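Visitor: Contents of structure_14.pdb (PDB, C-alpha atoms, pLDDT in the B column) are below:
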```
ATOM      1  CA  HIS L   6      -1.065   4.965  24.323  1.00 76.00           C
ATOM      2  CA  ARG L   7      -3.496   5.475  21.469  1.00 83.00           C
ATOM      3  CA  VAL L   8      -2.418   4.147  18.069  1.00 87.00           C
ATOM      4  CA  PRO L   9      -3.964   5.260  14.765  1.00 92.00           C
ATOM      5  CA  LEU L  10      -4.446   2.148  12.633  1.00 91.00           C
ATOM      6  CA  THR L  11      -3.709   1.894   8.927  1.00 92.00           C
ATOM      7  CA  ASP L  12      -6.155   0.480   6.388  1.00 90.00           C
ATOM      8  CA  ALA L  13      -4.261  -2.839   6.294  1.00 90.00           C
ATOM      9  CA  ALA L  14      -4.338  -3.120  10.102  1.00 91.00           C
ATOM     10  CA  VAL L  15      -8.094  -2.464  10.191  1.00 92.00           C
ATOM     11  CA  LYS L  16      -8.626  -5.016   7.411  1.00 93.00           C
ATOM     12  CA  LEU L  17      -6.613  -7.605   9.367  1.00 92.00           C
ATOM     13  CA  LEU L  18      -8.577  -6.955  12.555  1.00 90.00           C
ATOM     14  CA  LYS L  19     -11.906  -7.195  10.729  1.00 92.00           C
ATOM     15  CA  SER L  20     -10.850 -10.553   9.279  1.00 94.00           C
ATOM     16  CA  MET L  21     -10.423 -12.027  12.777  1.00 90.00           C
ATOM     17  CA  GLU L  22     -13.122 -13.865  14.672  1.00 88.00           C
ATOM     18  CA  PRO L  23     -14.928 -11.453  16.995  1.00 87.00           C
ATOM     19  CA  GLY L  24     -14.020 -11.862  20.625  1.00 84.00           C
ATOM     20  CA  LYS L  25     -15.531 -10.628  23.837  1.00 86.00           C
ATOM     21  CA  PRO L  26     -15.630  -6.827  24.136  1.00 87.00           C
ATOM     22  CA  ASP L  27     -12.843  -6.851  26.743  1.00 86.00           C
ATOM     23  CA  ALA L  28     -10.721  -9.558  25.064  1.00 86.00           C
ATOM     24  CA  LEU L  29      -7.130  -8.783  24.132  1.00 87.00           C
ATOM     25  CA  ILE L  30      -6.224  -8.837  20.446  1.00 85.00           C
ATOM     26  CA  PHE L  31      -2.707 -10.109  21.167  1.00 81.00           C
ATOM     27  CA  PRO L  32      -2.873 -11.949  24.498  1.00 84.00           C
ATOM     28  CA  GLY L  33       0.145 -13.353  26.284  1.00 81.00           C
ATOM     29  CA  PRO L  34       0.719 -17.112  26.624  1.00 78.00           C
ATOM     30  CA  LYS L  35      -1.681 -17.342  29.582  1.00 83.00           C
ATOM     31  CA  GLY L  36      -4.350 -15.178  27.922  1.00 82.00           C
ATOM     32  CA  ASP L  37      -3.307 -12.126  29.911  1.00 86.00           C
ATOM     33  CA  VAL L  38      -1.514  -8.904  28.974  1.00 87.00           C
ATOM     34  CA  PRO L  39       1.778  -9.887  27.299  1.00 83.00           C
ATOM     35  CA  SER L  40       5.054  -8.910  28.930  1.00 82.00           C
ATOM     36  CA  ASN L  41       7.486  -6.418  27.441  1.00 77.00           C
ATOM     37  CA  ASN L  42       9.474  -9.397  26.160  1.00 84.00           C
ATOM     38  CA  PHE L  43       6.545 -10.899  24.255  1.00 82.00           C
ATOM     39  CA  LEU L  44       7.828  -9.960  20.787  1.00 83.00           C
ATOM     40  CA  THR L  45      11.409 -10.914  21.667  1.00 85.00           C
ATOM     41  CA  ALA L  46      10.251 -14.364  22.806  1.00 85.00           C
ATOM     42  CA  LEU L  47       8.084 -14.783  19.704  1.00 84.00           C
ATOM     43  CA  LEU L  48      10.979 -13.932  17.385  1.00 87.00           C
ATOM     44  CA  LYS L  49      13.207 -16.385  19.255  1.00 89.00           C
ATOM     45  CA  ARG L  50      10.597 -19.170  18.877  1.00 90.00           C
ATOM     46  CA  MET L  51      10.431 -18.333  15.161  1.00 91.00           C
ATOM     47  CA  ASP L  52      14.228 -18.766  15.033  1.00 92.00           C
ATOM     48  CA  ARG L  53      14.697 -15.256  13.621  1.00 87.00           C
ATOM     49  CA  ASN L  54      17.951 -13.402  14.169  1.00 86.00           C
ATOM     50  CA  VAL L  55      16.273 -10.027  14.658  1.00 85.00           C
ATOM     51  CA  THR L  56      15.234  -7.960  17.667  1.00 84.00           C
ATOM     52  CA  ALA L  57      12.061  -6.138  18.623  1.00 82.00           C
ATOM     53  CA  HIS L  58      14.166  -3.034  19.144  1.00 83.00           C
ATOM     54  CA  GLY L  59      15.433  -3.423  15.591  1.00 84.00           C
ATOM     55  CA  PHE L  60      11.867  -3.012  14.292  1.00 83.00           C
ATOM     56  CA  ARG L  61      11.489   0.207  16.257  1.00 86.00           C
ATOM     57  CA  SER L  62      14.909   1.459  15.170  1.00 90.00           C
ATOM     58  CA  THR L  63      14.131   0.734  11.516  1.00 92.00           C
ATOM     59  CA  PHE L  64      10.907   2.748  11.790  1.00 92.00           C
ATOM     60  CA  LYS L  65      12.725   5.671  13.422  1.00 94.00           C
ATOM     61  CA  ASP L  66      15.520   5.654  10.832  1.00 94.00           C
ATOM     62  CA  TRP L  67      12.951   5.612   8.018  1.00 95.00           C
ATOM     63  CA  ALA L  68      10.978   8.485   9.576  1.00 95.00           C
ATOM     64  CA  ARG L  69      14.129  10.600   9.993  1.00 94.00           C
ATOM     65  CA  GLU L  70      15.741   9.861   6.657  1.00 93.00           C
ATOM     66  CA  ARG L  71      12.824   9.406   4.267  1.00 93.00           C
ATOM     67  CA  THR L  72      10.057  11.693   5.518  1.00 94.00           C
ATOM     68  CA  ALA L  73       9.518  15.307   6.456  1.00 94.00           C
ATOM     69  CA  TYR L  74       7.514  14.575   9.607  1.00 95.00           C
ATOM     70  CA  ALA L  75       8.607  16.434  12.714  1.00 92.00           C
ATOM     71  CA  ASP L  76      10.692  14.322  15.088  1.00 91.00           C
ATOM     72  CA  GLU L  77       8.064  14.506  17.823  1.00 89.00           C
ATOM     73  CA  VAL L  78       5.522  12.759  15.557  1.00 93.00           C
ATOM     74  CA  SER L  79       7.646   9.613  15.266  1.00 92.00           C
ATOM     75  CA  GLU L  80       8.645   9.883  18.927  1.00 91.00           C
ATOM     76  CA  LEU L  81       4.974   9.812  19.928  1.00 91.00           C
ATOM     77  CA  ALA L  82       4.353   6.915  17.520  1.00 92.00           C
ATOM     78  CA  LEU L  83       7.041   4.997  19.428  1.00 91.00           C
ATOM     79  CA  ALA L  84       5.485   6.027  22.772  1.00 84.00           C
ATOM     80  CA  HIS L  85       8.677   7.805  23.803  1.00 81.00           C
ATOM     81  CA  ILE L  86       8.330  10.233  26.677  1.00 76.00           C
ATOM     82  CA  ASN L  87       9.766  13.729  26.332  1.00 69.00           C
ATOM     83  CA  SER L  88      12.516  13.934  28.967  1.00 72.00           C
ATOM     84  CA  ASP L  89      12.572  17.744  28.826  1.00 67.00           C
ATOM     85  CA  ALA L  90      10.085  18.697  31.565  1.00 69.00           C
ATOM     86  CA  THR L  91       9.521  22.202  30.195  1.00 66.00           C
ATOM     87  CA  ARG L  92       8.779  20.983  26.661  1.00 68.00           C
ATOM     88  CA  ALA L  93       6.634  18.128  27.984  1.00 61.00           C
ATOM     89  CA  ALA L  94       4.530  20.603  29.979  1.00 63.00           C
ATOM     90  CA  TYR L  95       3.448  22.295  26.749  1.00 64.00           C
ATOM     91  CA  ALA L  96       3.288  19.214  24.515  1.00 65.00           C
ATOM     92  CA  ARG L  97      -0.147  17.913  25.465  1.00 66.00           C
ATOM     93  CA  SER L  98      -1.392  16.812  22.048  1.00 69.00           C
ATOM     94  CA  GLU L  99      -1.008  13.201  20.933  1.00 79.00           C
ATOM     95  CA  LEU L 100      -0.724  14.427  17.300  1.00 89.00           C
ATOM     96  CA  ILE L 101      -3.132  11.664  16.233  1.00 91.00           C
ATOM     97  CA  ASP L 102      -3.880  13.139  12.780  1.00 93.00           C
ATOM     98  CA  LYS L 103      -0.174  13.551  11.962  1.00 94.00           C
ATOM     99  CA  ARG L 104       0.590  10.101  13.351  1.00 94.00           C
ATOM    100  CA  ARG L 105      -2.221   8.644  11.210  1.00 95.00           C
ATOM    101  CA  LEU L 106      -0.554  10.105   8.098  1.00 95.00           C
ATOM    102  CA  LEU L 107       2.870   8.892   9.264  1.00 95.00           C
ATOM    103  CA  MET L 108       1.579   5.350   9.787  1.00 94.00           C
ATOM    104  CA  ALA L 109      -0.146   5.344   6.386  1.00 95.00           C
ATOM    105  CA  ASP L 110       3.187   6.312   4.791  1.00 95.00           C
ATOM    106  CA  TRP L 111       4.977   3.609   6.823  1.00 94.00           C
ATOM    107  CA  GLU L 112       2.410   1.057   5.658  1.00 92.00           C
ATOM    108  CA  LYS L 113       3.025   2.035   2.023  1.00 92.00           C
ATOM    109  CA  PHE L 114       6.780   1.776   2.538  1.00 92.00           C
ATOM    110  CA  CYS L 115       6.508  -1.650   4.210  1.00 89.00           C
ATOM    111  CA  LEU L 116       4.201  -3.016   1.517  1.00 88.00           C
ATOM    112  CA  HIS L 117       5.753  -1.450  -1.575  1.00 89.00           C
ATOM    113  CA  GLY L 118       9.192  -0.091  -0.681  1.00 86.00           C
ATOM    114  CA  GLU L 119      10.375   3.191  -2.086  1.00 75.00           C
ATOM    115  CA  SER L 120       9.107   4.219  -5.459  1.00 63.00           C
ATOM    116  CA  LYS L 121      11.714   5.135  -8.002  1.00 57.00           C
ATOM    117  CA  LYS L 122      11.761   8.862  -8.407  1.00 59.00           C
ATOM    118  CA  LYS L 123      12.005  10.334 -11.844  1.00 54.00           C
ATOM    119  CA  ALA L 124      15.319  12.015 -12.387  1.00 52.00           C
ATOM    120  CA  GLY L 125      15.039  15.688 -13.104  1.00 57.00           C
ATOM    121  CA  LYS L 126      16.567  17.231 -16.172  1.00 63.00           C
ATOM    122  CA  VAL L 127      20.177  18.118 -15.507  1.00 62.00           C
ATOM    123  CA  VAL L 128      21.000  21.539 -16.862  1.00 59.00           C
ATOM    124  CA  SER L 129      24.550  22.768 -17.225  1.00 59.00           C
ATOM    125  CA  ILE L 130      25.382  25.981 -15.437  1.00 67.00           C
ATOM    126  CA  GLY L 131      25.077  28.825 -17.867  1.00 63.00           C
ATOM    127  CA  GLU L 132      23.034  26.836 -20.391  1.00 57.00           C
ATOM    128  CA  GLY L 133      21.049  29.017 -22.729  1.00 57.00           C
ATOM    129  CA  LYS L 134      22.940  32.166 -21.864  1.00 57.00           C
ATOM    130  CA  ALA L 135      24.628  34.071 -24.667  1.00 54.00           C
TER
END
```
Represent the structure from my file as structure tokens, please.

Guide:
Amino acid sequence: HRVPLTDAAVKLLKSMEPGKPDALIFPGPKGDVPSNNFLTALLKRMDRNVTAHGFRSTFKDWARERTAYADEVSELALAHINSDATRAAYARSELIDKRRLLMADWEKFCLHGESKKKAGKVVSIGEGKA
């Protein structure tokens, strides 16, 4: 699963001490590949009443409700597999460029929230007609 990184993610990675070329960025407790429950266990140790799935769900809700990206772009960002065999046979692209834009928008939302939109001028129906 390839993941396009945002500017903030690249900046964070560049700020870290360089490791060996094959070293993991986020190793498990024994220095190996972390289990699927790695984030859940971390959140529990941090005494946070949130779930790893909640992070993913929040991202998906934001993508659906606040953006115009096609559903398959956020589905690929979440590494979801298309269960429709016919559609999956034709969907060979990873949509990296679209996912890069999606993740940049997600980064902006996470860092700054939603910007207040200027209200448009409300015009009464029939205004200006004689």

Visitor: Care to translate the PyMOL selection byres ((chain L and resi 112-120) around 10) into actual residues of this file, as a compact mmCIF listing (two decimals) with C-alpha atoms, in the frame of the given file?

Guide:
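Result file follows (selection.txt):
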```
# COMPACT_ATOMS: atom_id res chain seq x y z
CA LEU L 10 -4.45 2.15 12.63
CA THR L 11 -3.71 1.89 8.93
CA ASP L 12 -6.16 0.48 6.39
CA ALA L 13 -4.26 -2.84 6.29
CA ALA L 14 -4.34 -3.12 10.10
CA PHE L 64 10.91 2.75 11.79
CA TRP L 67 12.95 5.61 8.02
CA ARG L 71 12.82 9.41 4.27
CA LEU L 106 -0.55 10.10 8.10
CA LEU L 107 2.87 8.89 9.26
CA MET L 108 1.58 5.35 9.79
CA ALA L 109 -0.15 5.34 6.39
CA ASP L 110 3.19 6.31 4.79
CA TRP L 111 4.98 3.61 6.82
CA LYS L 121 11.71 5.14 -8.00
CA LYS L 122 11.76 8.86 -8.41
CA LYS L 123 12.00 10.33 -11.84
```

Visitor: Once the PyMOL selection byres ((chain L and resi 103) around 12) has been applied to the shown file, what residues remain in the selection, as a CSV table (one decimal) with C-alpha atoms, keeping the file's coordinate frame?

Guide:
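Writing the result to result17.csv gives the following:
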```csv
chain,number,residue,atom,x,y,z
L,8,VAL,CA,-2.4,4.1,18.1
L,9,PRO,CA,-4.0,5.3,14.8
L,73,ALA,CA,9.5,15.3,6.5
L,74,TYR,CA,7.5,14.6,9.6
L,75,ALA,CA,8.6,16.4,12.7
L,76,ASP,CA,10.7,14.3,15.1
L,77,GLU,CA,8.1,14.5,17.8
L,78,VAL,CA,5.5,12.8,15.6
L,79,SER,CA,7.6,9.6,15.3
L,80,GLU,CA,8.6,9.9,18.9
L,81,LEU,CA,5.0,9.8,19.9
L,82,ALA,CA,4.4,6.9,17.5
L,98,SER,CA,-1.4,16.8,22.0
L,99,GLU,CA,-1.0,13.2,20.9
L,100,LEU,CA,-0.7,14.4,17.3
L,101,ILE,CA,-3.1,11.7,16.2
L,102,ASP,CA,-3.9,13.1,12.8
L,104,ARG,CA,0.6,10.1,13.4
L,105,ARG,CA,-2.2,8.6,11.2
L,106,LEU,CA,-0.6,10.1,8.1
L,107,LEU,CA,2.9,8.9,9.3
L,108,MET,CA,1.6,5.4,9.8
L,109,ALA,CA,-0.1,5.3,6.4
L,110,ASP,CA,3.2,6.3,4.8
```

Visitor: Could you work out how far CA of Leu83 (chain L) lies from CA of Ala68 (chain L), giving the answer in Å with one decimal?

Guide: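 Straight-line distance from CA of Ala68 (chain L) to CA of Leu83 (chain L) works out to 11.2 Å.
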
Visitor: Name the residues in contact with Asn42 (chain L) at a cut-off of 12 Å, using all atoms listed in the file, excluding same-chain residues fewer than 3 positions from it; report them as a PyMOL selection string.

Guide: chain L and resi 33-34+38-39+45-49+56-58

Visitor: So how many Å separate CA of Phe31 (chain L) and CA of Phe43 (chain L), to one decimal?

Guide: 9.8 Å

Visitor: Do you have the CA of Met21 (chain L)-CA of Lys65 (chain L) distance handy?

Guide: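 Separation between CA of Met21 (chain L) and CA of Lys65 (chain L): 29.1 Å.
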
Visitor: Each side padded by 8 Å, which centre and which edge lengths in Å (one decimal) define the axis-aligned box around the listed atoms of region 75-88 of chain L? Give them as lines of an AutoDock Vina configuration file.

Guide:
```
center_x = 8.4
center_y = 10.7
center_z = 20.8
size_x = 24.2
size_y = 27.4
size_z = 32.3
```
